[in-house]
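Note: the block below is structure32.cif and it holds mmCIF, C-alpha atoms.
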```
data_target
#
loop_
_atom_site.label_atom_id
_atom_site.label_comp_id
_atom_site.auth_asym_id
_atom_site.auth_seq_id
_atom_site.Cartn_x
_atom_site.Cartn_y
_atom_site.Cartn_z
CA MET H 189 -89.44 -50.61 188.93
CA ALA H 190 -88.31 -53.92 190.36
CA LYS H 191 -84.78 -53.90 191.63
CA THR H 192 -82.31 -56.53 190.46
CA ILE H 193 -79.83 -58.39 192.63
CA VAL H 194 -76.98 -60.37 191.21
CA VAL H 195 -75.66 -63.19 193.36
CA ILE H 196 -72.17 -64.19 192.30
CA GLY H 197 -71.42 -67.82 193.05
CA GLY H 198 -73.79 -70.79 192.97
CA GLY H 199 -72.47 -72.73 195.94
CA VAL H 200 -74.28 -73.35 199.21
CA ALA H 201 -74.33 -69.67 200.27
CA GLY H 202 -75.22 -68.30 196.84
CA MET H 203 -78.02 -70.82 196.25
CA THR H 204 -79.49 -70.17 199.68
CA ALA H 205 -79.38 -66.39 199.41
CA ALA H 206 -80.80 -66.40 195.88
CA SER H 207 -83.78 -68.55 196.83
CA ARG H 208 -84.45 -66.55 200.02
CA LEU H 209 -84.38 -63.28 198.08
CA ALA H 210 -86.80 -64.72 195.52
CA ASP H 211 -89.08 -65.79 198.39
CA LEU H 212 -88.98 -62.19 199.58
CA GLY H 213 -90.24 -61.09 196.15
CA GLU H 214 -86.96 -59.82 194.77
CA LYS H 215 -85.70 -60.26 191.24
CA VAL H 216 -82.53 -62.35 191.44
CA ILE H 217 -79.95 -63.47 188.94
CA LEU H 218 -77.56 -66.17 190.13
CA LEU H 219 -74.27 -66.35 188.25
CA GLU H 220 -72.20 -69.54 188.38
CA ARG H 221 -68.98 -69.96 186.47
CA GLU H 222 -69.12 -73.78 186.41
CA ASP H 223 -71.67 -75.67 184.32
CA GLN H 224 -73.93 -76.36 187.29
CA THR H 225 -74.70 -74.96 190.73
CA GLY H 226 -73.82 -76.75 193.95
CA GLY H 227 -70.22 -75.65 194.49
CA HIS H 228 -68.05 -77.77 196.75
CA LEU H 229 -71.10 -79.60 198.09
CA ARG H 230 -71.09 -81.61 194.86
CA GLN H 231 -67.77 -83.14 195.85
CA TRP H 232 -69.13 -84.52 199.13
CA ASP H 233 -70.40 -88.05 199.62
CA ARG H 234 -71.74 -87.81 203.16
CA LEU H 235 -71.83 -84.83 205.50
CA PHE H 236 -70.68 -84.39 209.08
CA PRO H 237 -71.78 -84.85 211.78
CA ASN H 238 -74.57 -87.32 210.98
CA ARG H 239 -73.15 -88.87 207.79
CA ARG H 240 -76.29 -88.09 205.80
CA PRO H 241 -75.84 -88.12 202.01
CA GLY H 242 -74.68 -84.76 200.67
CA TYR H 243 -77.16 -84.95 197.79
CA GLU H 244 -80.05 -84.52 200.24
CA VAL H 245 -78.89 -81.00 201.05
CA LEU H 246 -77.94 -80.34 197.44
CA ASP H 247 -81.40 -81.41 196.22
CA PHE H 248 -83.03 -79.18 198.83
CA LEU H 249 -81.02 -76.18 197.63
CA MET H 250 -81.60 -76.98 193.94
CA GLU H 251 -85.37 -77.37 194.40
CA ASN H 252 -85.54 -74.03 196.18
CA LEU H 253 -84.03 -72.32 193.14
CA GLU H 254 -86.43 -73.83 190.63
CA HIS H 255 -88.93 -71.54 188.91
CA LYS H 256 -87.93 -68.66 191.17
CA VAL H 257 -84.39 -67.69 190.37
CA ASP H 258 -82.81 -66.84 187.04
CA VAL H 259 -79.84 -69.22 187.27
CA ARG H 260 -77.11 -68.68 184.69
CA CYS H 261 -74.29 -71.20 184.60
CA ASN H 262 -71.00 -71.03 182.67
CA GLN H 263 -70.92 -67.32 183.34
CA GLY H 264 -67.48 -65.93 183.97
CA ILE H 265 -67.25 -62.27 184.90
CA SER H 266 -64.78 -60.06 183.03
CA SER H 267 -65.27 -57.01 185.16
CA VAL H 268 -67.58 -55.34 187.60
CA SER H 269 -67.90 -51.63 188.24
CA GLN H 270 -69.87 -49.17 190.28
CA GLN H 271 -72.36 -47.03 188.31
CA PRO H 272 -74.18 -43.83 189.32
CA SER H 273 -77.07 -46.08 190.29
CA GLY H 274 -75.99 -49.56 191.21
CA PHE H 275 -73.46 -51.76 189.44
CA SER H 276 -72.61 -53.11 186.05
CA LEU H 277 -71.19 -56.56 185.36
CA GLU H 278 -69.44 -57.37 182.10
CA LEU H 279 -69.79 -61.07 181.44
CA GLU H 280 -67.20 -63.08 179.53
CA ALA H 281 -69.92 -63.99 177.04
CA GLY H 282 -70.09 -60.31 176.10
CA GLU H 283 -73.30 -59.42 177.89
CA SER H 284 -73.55 -56.40 180.15
CA LEU H 285 -75.64 -56.88 183.26
CA PRO H 286 -76.86 -53.90 185.32
CA CYS H 287 -78.03 -54.45 188.89
CA ASP H 288 -78.93 -52.59 192.09
CA ALA H 289 -77.16 -54.82 194.59
CA LEU H 290 -74.47 -57.48 194.53
CA LEU H 291 -73.90 -60.46 196.75
CA LEU H 292 -70.43 -61.97 196.69
CA ALA H 293 -70.91 -65.65 197.47
CA THR H 294 -67.79 -66.70 195.68
CA GLY H 295 -66.65 -69.21 198.27
CA PHE H 296 -63.22 -70.73 198.70
CA ASP H 297 -60.66 -73.07 197.18
CA LEU H 298 -59.17 -76.09 198.87
CA PHE H 299 -55.56 -75.77 199.96
CA ASP H 300 -53.23 -77.19 197.30
CA ALA H 301 -51.54 -80.08 199.13
CA HIS H 302 -48.60 -80.05 196.67
CA LYS H 303 -47.35 -77.04 198.59
CA LYS H 304 -46.52 -79.20 201.62
CA GLU H 305 -43.86 -81.13 199.77
CA GLU H 306 -42.73 -82.93 202.93
CA TYR H 307 -46.05 -84.84 202.83
CA GLY H 308 -45.39 -86.11 199.30
CA TYR H 309 -48.76 -85.38 197.70
CA GLY H 310 -48.45 -85.95 193.96
CA ILE H 311 -45.08 -87.63 194.57
CA TYR H 312 -45.98 -90.77 196.54
CA ASP H 313 -48.74 -93.09 195.34
CA ASN H 314 -50.61 -93.46 198.58
CA VAL H 315 -50.80 -89.91 199.85
CA ILE H 316 -54.23 -88.47 199.07
CA THR H 317 -56.28 -85.50 200.28
CA SER H 318 -59.54 -85.57 202.20
CA ALA H 319 -61.22 -84.29 199.01
CA ASP H 320 -59.79 -87.22 197.01
CA LEU H 321 -61.03 -89.64 199.67
CA GLU H 322 -64.49 -88.06 199.63
CA MET H 323 -64.66 -88.57 195.85
CA MET H 324 -63.61 -92.21 196.32
CA PHE H 325 -66.43 -92.65 198.83
CA ARG H 326 -68.81 -91.00 196.36
CA SER H 327 -67.81 -93.33 193.56
CA GLY H 328 -69.28 -96.18 195.61
CA GLN H 329 -66.15 -98.27 195.05
CA LYS H 330 -64.28 -99.78 197.98
CA ILE H 331 -61.31 -97.75 199.08
CA THR H 332 -58.00 -99.19 197.93
CA THR H 333 -54.39 -98.12 197.77
CA ARG H 334 -53.10 -97.08 194.34
CA GLN H 335 -51.88 -100.68 194.01
CA GLY H 336 -55.45 -101.95 194.43
CA ASP H 337 -55.10 -103.41 197.93
CA ALA H 338 -57.42 -102.94 200.86
CA PRO H 339 -55.65 -100.68 203.38
CA SER H 340 -54.89 -102.22 206.75
CA ARG H 341 -53.60 -99.00 208.33
CA VAL H 342 -54.74 -95.49 207.44
CA GLY H 343 -53.41 -92.22 208.86
CA PHE H 344 -55.21 -88.87 208.76
CA VAL H 345 -52.98 -85.80 208.95
CA HIS H 346 -54.77 -82.81 210.46
CA CYS H 347 -54.12 -79.10 209.76
CA VAL H 348 -52.67 -79.45 206.24
CA GLY H 349 -52.36 -75.90 204.94
CA SER H 350 -54.00 -74.48 208.06
CA ARG H 351 -52.39 -73.07 211.22
CA ASP H 352 -49.15 -73.02 209.28
CA GLU H 353 -47.19 -69.86 208.75
CA LYS H 354 -44.86 -71.71 206.37
CA VAL H 355 -47.63 -71.66 203.77
CA GLY H 356 -48.87 -68.25 204.89
CA ASN H 357 -52.09 -69.50 206.49
CA LEU H 358 -52.21 -68.79 210.19
CA TYR H 359 -55.94 -69.39 210.49
CA CYS H 360 -57.74 -72.59 211.48
CA SER H 361 -59.95 -74.05 208.73
CA LYS H 362 -62.43 -75.17 211.36
CA VAL H 363 -64.11 -78.11 209.62
CA CYS H 364 -61.13 -80.34 208.78
CA CYS H 365 -61.05 -81.81 212.31
CA VAL H 366 -64.61 -83.07 212.11
CA THR H 367 -64.13 -84.15 208.49
CA GLY H 368 -61.16 -86.24 209.61
CA VAL H 369 -63.19 -87.92 212.33
CA LYS H 370 -66.07 -88.56 209.91
CA GLN H 371 -63.80 -90.06 207.26
CA ALA H 372 -61.94 -92.15 209.84
CA ILE H 373 -65.25 -93.70 210.87
CA GLU H 374 -66.15 -94.30 207.22
CA ILE H 375 -62.87 -96.14 206.69
CA LYS H 376 -63.69 -98.33 209.70
CA GLU H 377 -67.19 -98.96 208.32
CA GLN H 378 -65.57 -100.42 205.20
CA PHE H 379 -62.66 -102.10 206.95
CA PRO H 380 -63.53 -102.96 210.57
CA GLY H 381 -60.17 -104.71 210.95
CA ALA H 382 -58.10 -101.76 209.76
CA GLU H 383 -56.16 -99.55 212.16
CA VAL H 384 -57.02 -95.88 211.76
CA PHE H 385 -55.00 -92.99 213.20
CA GLY H 386 -55.64 -89.28 213.42
CA PHE H 387 -52.51 -87.12 213.86
CA TYR H 388 -53.64 -83.87 215.44
CA THR H 389 -52.37 -80.85 217.34
CA ASP H 390 -55.74 -79.78 218.72
CA LEU H 391 -59.07 -81.41 217.89
CA ARG H 392 -61.64 -78.66 217.49
CA MET H 393 -65.03 -80.26 217.86
CA TYR H 394 -66.71 -76.90 218.07
CA ASP H 395 -70.28 -77.49 217.03
CA ARG H 396 -73.26 -79.49 218.17
CA HIS H 397 -72.86 -83.28 217.84
CA PHE H 398 -69.18 -82.97 216.88
CA GLU H 399 -67.75 -84.00 220.25
CA GLU H 400 -70.19 -86.91 220.39
CA MET H 401 -68.92 -88.02 217.00
CA TYR H 402 -65.35 -87.94 218.33
CA TYR H 403 -66.52 -90.01 221.30
CA GLU H 404 -68.17 -92.49 218.94
CA ALA H 405 -64.96 -92.66 216.89
CA GLN H 406 -63.07 -93.74 220.01
CA GLN H 407 -65.66 -95.88 221.72
CA LYS H 408 -67.43 -97.65 218.88
CA TRP H 409 -64.80 -97.61 216.13
CA ASP H 410 -61.56 -97.83 218.10
CA ILE H 411 -59.94 -95.02 216.15
CA ASN H 412 -56.58 -93.87 217.53
CA PHE H 413 -55.79 -90.23 218.05
CA LEU H 414 -52.12 -89.46 218.34
CA ARG H 415 -51.15 -85.96 219.40
CA GLY H 416 -48.45 -84.59 217.16
CA ARG H 417 -47.96 -83.00 213.78
CA VAL H 418 -46.43 -85.16 211.05
CA SER H 419 -43.07 -83.64 210.20
CA GLU H 420 -42.22 -85.59 207.05
CA CYS H 421 -42.81 -88.87 205.29
CA ALA H 422 -41.23 -91.14 202.68
CA GLU H 423 -42.37 -93.94 200.42
CA ASN H 424 -41.26 -97.52 200.99
CA GLN H 425 -40.48 -99.85 198.10
CA ASP H 426 -43.87 -101.50 198.53
CA HIS H 427 -45.51 -98.05 198.19
CA THR H 428 -46.52 -97.84 201.83
CA ILE H 429 -45.76 -94.56 203.55
CA VAL H 430 -43.46 -94.21 206.53
CA LEU H 431 -44.11 -91.08 208.51
CA LYS H 432 -42.35 -89.31 211.32
CA ILE H 433 -44.04 -87.51 214.15
CA GLU H 434 -43.44 -86.57 217.73
CA ASP H 435 -45.80 -88.50 219.96
CA THR H 436 -46.08 -85.44 222.16
CA LEU H 437 -47.86 -87.32 224.94
CA THR H 438 -44.88 -89.60 225.49
CA SER H 439 -42.45 -86.88 224.35
CA ARG H 440 -40.65 -89.20 221.94
CA PRO H 441 -40.21 -89.28 218.18
CA LEU H 442 -42.39 -91.93 216.58
CA LYS H 443 -42.17 -93.70 213.23
CA MET H 444 -45.14 -95.42 211.65
CA THR H 445 -45.93 -97.16 208.38
CA VAL H 446 -49.36 -96.61 206.84
CA ASP H 447 -50.93 -97.99 203.66
CA LEU H 448 -52.78 -94.77 202.99
CA MET H 449 -52.09 -91.28 204.29
CA VAL H 450 -54.93 -88.77 204.04
CA LEU H 451 -54.16 -85.04 204.18
CA LEU H 452 -57.00 -83.00 205.70
CA VAL H 453 -56.77 -79.92 203.49
CA GLY H 454 -58.16 -76.59 204.63
CA PHE H 455 -59.70 -73.52 203.07
CA VAL H 456 -57.91 -70.85 201.06
CA PRO H 457 -59.45 -67.70 199.57
CA SER H 458 -60.15 -68.18 195.86
CA PRO H 459 -58.27 -65.95 193.41
CA GLU H 460 -61.61 -65.11 191.76
CA THR H 461 -62.94 -63.76 195.07
CA LEU H 462 -59.88 -61.55 195.45
CA ARG H 463 -60.09 -60.34 191.84
CA LEU H 464 -63.72 -59.25 192.24
CA ALA H 465 -63.01 -57.75 195.66
CA ALA H 466 -60.20 -55.64 194.17
CA MET H 467 -62.48 -54.36 191.42
CA LEU H 468 -65.15 -53.40 193.95
CA GLY H 469 -62.83 -51.98 196.59
CA ILE H 470 -63.78 -54.55 199.24
CA VAL H 471 -61.47 -54.81 202.24
CA VAL H 472 -59.38 -57.96 202.37
CA GLY H 473 -58.16 -59.22 205.74
CA GLU H 474 -54.65 -60.30 206.67
CA ASP H 475 -55.77 -63.87 206.08
CA ARG H 476 -56.85 -62.80 202.56
CA PHE H 477 -60.50 -63.54 203.21
CA LEU H 478 -63.02 -60.72 202.68
CA GLU H 479 -63.67 -58.39 205.56
CA PRO H 480 -67.21 -57.34 206.47
CA VAL H 481 -67.89 -53.96 208.08
CA ASP H 482 -68.32 -55.52 211.53
CA GLU H 483 -67.80 -59.22 212.07
CA HIS H 484 -70.39 -59.43 214.85
CA THR H 485 -73.16 -56.99 213.99
CA ARG H 486 -72.84 -56.31 210.25
CA SER H 487 -71.20 -59.42 208.97
CA ASN H 488 -72.92 -59.35 205.57
CA PHE H 489 -72.07 -55.71 204.80
CA THR H 490 -69.00 -54.37 203.03
CA ILE H 491 -67.67 -50.82 203.09
CA GLN H 492 -69.30 -50.41 199.64
CA PRO H 493 -73.03 -49.72 199.91
CA GLY H 494 -74.92 -52.30 197.86
CA VAL H 495 -72.20 -54.94 197.96
CA PHE H 496 -72.87 -57.78 200.38
CA LEU H 497 -71.01 -60.91 201.49
CA ALA H 498 -72.13 -64.42 202.35
CA GLY H 499 -70.39 -67.69 203.07
CA ALA H 500 -66.81 -68.85 202.68
CA SER H 501 -65.46 -65.80 200.85
CA LYS H 502 -65.26 -64.53 204.46
CA GLY H 503 -63.34 -67.51 205.82
CA PRO H 504 -63.89 -71.16 206.65
CA PHE H 505 -67.58 -72.09 206.94
CA SER H 506 -69.50 -75.30 207.47
CA ILE H 507 -72.55 -75.97 205.29
CA SER H 508 -74.96 -75.19 208.13
CA ASN H 509 -73.11 -71.95 208.92
CA ALA H 510 -73.14 -70.95 205.24
CA ILE H 511 -76.90 -71.54 204.98
CA ALA H 512 -77.59 -69.48 208.11
CA ASP H 513 -75.26 -66.69 206.98
CA ALA H 514 -76.76 -66.55 203.49
CA GLY H 515 -80.30 -66.35 204.88
CA GLU H 516 -79.27 -63.35 206.95
CA ALA H 517 -77.57 -61.77 203.92
CA ALA H 518 -80.82 -62.13 201.96
CA LEU H 519 -82.76 -60.27 204.66
CA GLN H 520 -80.15 -57.50 204.79
CA ILE H 521 -80.23 -57.06 201.01
CA HIS H 522 -84.03 -57.05 201.02
CA GLU H 523 -83.98 -54.22 203.58
CA TYR H 524 -81.28 -52.34 201.69
CA LEU H 525 -83.33 -52.37 198.49
CA ARG H 526 -86.25 -50.73 200.35
CA THR H 527 -83.98 -47.75 201.06
CA LEU H 528 -83.15 -47.08 197.40
CA MET N 920 -59.50 -82.49 249.93
CA LYS N 921 -56.74 -82.13 252.51
CA GLU N 922 -57.49 -85.61 253.83
CA PHE N 923 -57.24 -87.01 250.32
CA GLY N 924 -53.56 -86.10 250.30
CA TYR N 925 -52.61 -82.68 248.98
CA LYS N 926 -48.89 -83.01 249.60
CA VAL N 927 -46.50 -83.62 246.71
CA HIS N 928 -42.87 -84.51 247.27
CA LYS N 929 -40.63 -81.60 246.46
CA GLU N 930 -38.58 -83.52 243.88
CA ARG N 931 -41.76 -84.35 241.92
CA LEU N 932 -43.27 -80.89 242.04
CA ILE N 933 -43.10 -78.01 239.61
CA ASP N 934 -43.29 -75.24 242.19
CA TYR N 935 -44.60 -72.57 239.89
CA ASP N 936 -44.83 -69.95 242.64
CA LYS N 937 -41.15 -70.27 243.56
CA ASN N 938 -39.64 -71.04 240.15
CA ASP N 939 -37.34 -68.53 238.50
CA LYS N 940 -39.04 -66.86 235.54
CA ARG N 941 -36.25 -64.38 234.83
CA VAL N 942 -34.89 -66.44 231.94
CA LEU N 943 -38.37 -66.44 230.40
CA GLU N 944 -38.62 -62.67 230.80
CA HIS N 945 -35.24 -62.29 229.08
CA LEU N 946 -36.43 -64.51 226.22
CA LYS N 947 -39.68 -62.60 225.78
CA LYS N 948 -37.49 -59.62 224.95
CA HIS N 949 -34.79 -61.34 222.91
CA GLU N 950 -36.68 -64.12 221.12
CA PRO N 951 -40.41 -63.32 221.43
CA SER N 952 -41.32 -66.01 218.86
CA VAL N 953 -41.14 -68.45 221.80
CA LEU N 954 -44.59 -67.24 222.84
CA THR N 955 -46.32 -68.69 219.80
CA CYS N 956 -45.54 -72.41 220.24
CA ILE N 957 -48.59 -74.72 220.03
CA ALA N 958 -46.67 -77.82 221.13
CA CYS N 959 -47.31 -79.70 217.88
CA GLY N 960 -43.98 -81.52 218.12
CA SER N 961 -42.88 -81.00 214.50
CA CYS N 962 -39.53 -79.76 215.79
CA THR N 963 -38.94 -82.85 217.91
CA ALA N 964 -40.00 -85.21 215.12
CA THR N 965 -37.50 -83.69 212.72
CA CYS N 966 -34.73 -82.98 215.27
CA SER N 967 -31.25 -84.25 214.26
CA ALA N 968 -29.99 -84.59 217.85
CA GLY N 969 -33.23 -86.17 219.08
CA GLN N 970 -32.74 -89.13 216.71
CA PHE N 971 -29.69 -90.15 218.77
CA VAL N 972 -30.11 -88.97 222.32
CA ASP N 973 -32.83 -88.28 224.83
CA PHE N 974 -33.47 -84.73 223.69
CA ASN N 975 -36.84 -83.17 223.15
CA ILE N 976 -36.52 -79.66 221.76
CA ARG N 977 -40.25 -79.00 222.16
CA LEU N 978 -39.81 -79.45 225.91
CA VAL N 979 -37.23 -76.64 225.98
CA GLN N 980 -39.88 -73.98 225.59
CA THR N 981 -42.18 -75.70 228.13
CA LEU N 982 -39.41 -75.93 230.75
CA LEU N 983 -38.62 -72.29 230.05
CA ARG N 984 -42.22 -71.24 230.60
CA ARG N 985 -42.45 -73.16 233.87
CA GLY N 986 -39.19 -71.72 235.15
CA GLU N 987 -37.60 -75.17 235.42
CA ILE N 988 -34.08 -73.82 235.04
CA GLU N 989 -32.03 -76.85 236.17
CA PRO N 990 -33.43 -79.32 233.60
CA LEU N 991 -33.47 -76.50 231.02
CA LYS N 992 -29.70 -76.01 231.46
CA LYS N 993 -29.13 -79.69 230.67
CA GLU N 994 -31.50 -79.78 227.70
CA VAL N 995 -30.09 -76.82 225.78
CA GLN N 996 -26.63 -78.45 225.85
CA LYS N 997 -27.93 -81.26 223.61
CA CYS N 998 -28.93 -79.11 220.63
CA MET N 999 -26.74 -79.40 217.51
CA LEU N 1000 -28.02 -76.05 216.17
CA CYS N 1001 -28.78 -77.60 212.77
CA GLY N 1002 -31.93 -75.50 212.34
CA LYS N 1003 -34.26 -78.16 210.87
CA CYS N 1004 -36.81 -77.26 213.54
CA ILE N 1005 -36.91 -73.69 212.24
CA LEU N 1006 -37.69 -74.97 208.75
CA ILE N 1007 -40.61 -77.06 209.94
CA CYS N 1008 -42.17 -74.92 212.68
CA PRO N 1009 -45.73 -73.90 211.70
CA ARG N 1010 -45.58 -70.96 214.11
CA GLY N 1011 -42.27 -69.47 213.07
CA VAL N 1012 -40.45 -70.07 216.35
CA ASN N 1013 -36.73 -69.36 215.89
CA MET N 1014 -35.51 -72.35 217.90
CA ARG N 1015 -31.82 -71.91 217.19
CA ASN N 1016 -31.76 -68.38 218.50
CA LEU N 1017 -33.98 -69.52 221.36
CA ILE N 1018 -31.37 -72.09 222.43
CA LEU N 1019 -28.52 -69.59 222.19
CA ALA N 1020 -30.47 -66.88 223.99
CA ILE N 1021 -31.40 -69.27 226.80
CA GLN N 1022 -27.71 -70.10 227.30
CA THR N 1023 -26.84 -66.41 227.35
CA ALA N 1024 -29.64 -65.67 229.81
CA ILE N 1025 -28.67 -68.49 232.14
CA ASP N 1026 -25.03 -67.33 232.18
CA LYS N 1027 -26.04 -63.72 232.75
CA LEU N 1028 -28.55 -64.40 235.51
CA LYS N 1029 -26.40 -66.88 237.47
#
```

Show me, as structure tokens, the structure contained in the file I just sent.
Amino acid sequence: MAKTIVVIGGGVAGMTAASRLADLGEKVILLEREDQTGGHLRQWDRLFPNRRPGYEVLDFLMENLEHKVDVRCNQGISSVSQQPSGFSLELEAGESLPCDALLLATGFDLFDAHKKEEYGYGIYDNVITSADLEMMFRSGQKITTRQGDAPSRVGFVHCVGSRDEKVGNLYCSKVCCVTGVKQAIEIKEQFPGAEVFGFYTDLRMYDRHFEEMYYEAQQKWDINFLRGRVSECAENQDHTIVLKIEDTLTSRPLKMTVDLMVLLVGFVPSPETLRLAAMLGIVVGEDRFLEPVDEHTRSNFTIQPGVFLAGASKGPFSISNAIADAGEAALQIHEYLRTL
Amino acid sequence: MKEFGYKVHKERLIDYDKNDKRVLEHLKKHEPSVLTCIACGSCTATCSAGQFVDFNIRLVQTLLRRGEIEPLKKEVQKCMLCGKCILICPRGVNMRNLILAIQTAIDKLK
């Protein structure tokens, strides 16, 4: 009898793994709790490092699912439990779904910027997050301040909600640095005369073409990088933002007024991931992301046979990393099913 | 390389080999949070004393690490011990205790 795999989560990792498993001849059900697949990729306008449209990758992933994978959207999961043979999922719609293997591709949430009150998100008009800015780019409208003016100075605040024990997140979210550089360039594309600043502690241009993009940001677009972490900000009467920072390279406190302040928000583990992990007895790390059996050699395995992991439920991932990881997860699951 | 001019005037040089690291060793025991600083400067940006005088609290831990005891002695005198830096530090460095422990260590190791 054909074995059934349930992939939980229809984001980049889940879509990739589901289509790869179908290619390998497996019977796959992909569960997505939203009304369509695509996950966080749907919120992106253009992708780093080459600024290609996000929909190109989304379309690729969507097409790969077609006619191969049983995709079920709007499917919340009430509970999941281990059975004598395999697993059983109770769906919120009332259906019970038995399966032989499970892939947790439940992804991440964005850090809630309200928690860094000193940055004034949700309090001051012209403090927005990188996700808000991405949606503005996607809308096709020109970027403006809340008052409708073209910004003449924009500041990007790095490491918001990451590398910060005050919010309980010691880890680096990995892709905010390059997102900040990408978005800074996109602001300059729209407003060549605007001044754009990136406030950083370390710039982690870790992957191929990232450092070159940083170079381009300096050389071609004249974007300023100022080394220091914004300590606090306030709103002026004209709704501009005045921020305070140590310019660590001159060792002096610095004050600056910007028309728009963009908070580069990082990854946090989603509560749904943790809820499912608790029901399945999956190990959760100190950073609250899911822990595979061995992060180098068995990074898609959990301590529970038949339960696999892919993508950002394990920590911050780029799209390309998530696709590669999910492809590997599919192969591992395929092999596992042969052993049953 | 020698011909290019290797010599640095003594007053300009941080002589890491000769500098006194005993204060640092004391601090590693009594305020080990000092080890986790990433030099982001949040403390300096928010520092009450630094708004008025030439005081950079971030530099305190750097001077400590380099064993630059003479400038360190002067710097720690400038702190008002208000504790804002502790509230903002993303690495949980206990700056106020650091300042006090440095003063204690300097007195003890005179």

- Message: Could you list, as a ChimeraX atom specification, every residue matched by the PyMOL selection byres ((chain H) within 9 of (chain N)) in this structure?
- Response: /H:351-355,358,388-390,415-420,432-436,439-443

- Shell around N:Lys948 at 12 Å using all atoms listed in the file, local window under 4 positions removed, as an NGL selection string: :N and (941-944 or 952-954 or 1017 or 1020-1021 or 1024)

- Extract, using all atoms listed in the file, all DNA, RNA and protein residues at most 7 Å from stretch 991-1000 of chain N, discarding same-chain residues fewer than 6 positions from it, and format them as a count of residues only. 7

- Task: Enter the distance from atom CA of H:Glu516 to atom CA of H:Glu400, in Å, rounded to one decimal.
- Result: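 Distance between the two atoms: 28.6 Å.
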
- Please write as a list in words the full residue list that the PyMOL selection byres ((chain H and resi 226-242) around 6) yields on this file.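 Listing what the PyMOL selection byres ((chain H and resi 226-242) around 6) selects in the shown file: Gly199, Thr225, Tyr243, Glu244, Val245, Glu322 and Arg326 of chain H.
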
- Could you work out how far atom CA of H:Ser273 lies from atom CA of H:Ala210, giving the answer in Å with one decimal?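 It comes out at 21.7 Å.
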
- Record the distance separating atom CA of H:Phe489 and atom CA of H:Leu209, expressed in Å with one decimal. 15.9 Å

- Run the PyMOL selection byres ((chain H and resi 262) around 10) against the file shown and list the residues it catches, as a list in words. Leu219, Glu220, Arg221, Glu222, Asp223, Gln224, Thr225, Arg260, Cys261, Gln263, Gly264, Ile265, Glu280 and Ala281 of chain H

- Task: Step by step: start from the point (-53.0, -72.2, 205.6) in the file's coordinates, keep every protein, DNA or RNA residue that has an atom no farther than 9 Å from it, count only C-alpha atoms, and write the set as a ChimeraX atom specification.
- Result: /H:299,347-361,453-456,475

- Might you pull out every residue within 10 Å of stretch 369-380 of chain H, with only C-alpha atoms counted and same-chain residues fewer than 3 positions away left off, and present them as an NGL selection string? :H and (234-239 or 318 or 321-322 or 325 or 330-331 or 338-344 or 364-366 or 383-386 or 391 or 393 or 398-399 or 401-406 or 408-413 or 450 or 452)

- Query: Do you know which residues are at most 12 Å from stretch 461-473 of chain H counting only C-alpha atoms, after dropping those on the same chain fewer than 6 positions away, and could you put them as number ranges by chain?
  - Reply: H: 196-197, 264-271, 274-278, 290-297, 357, 359, 479-483, 489-503
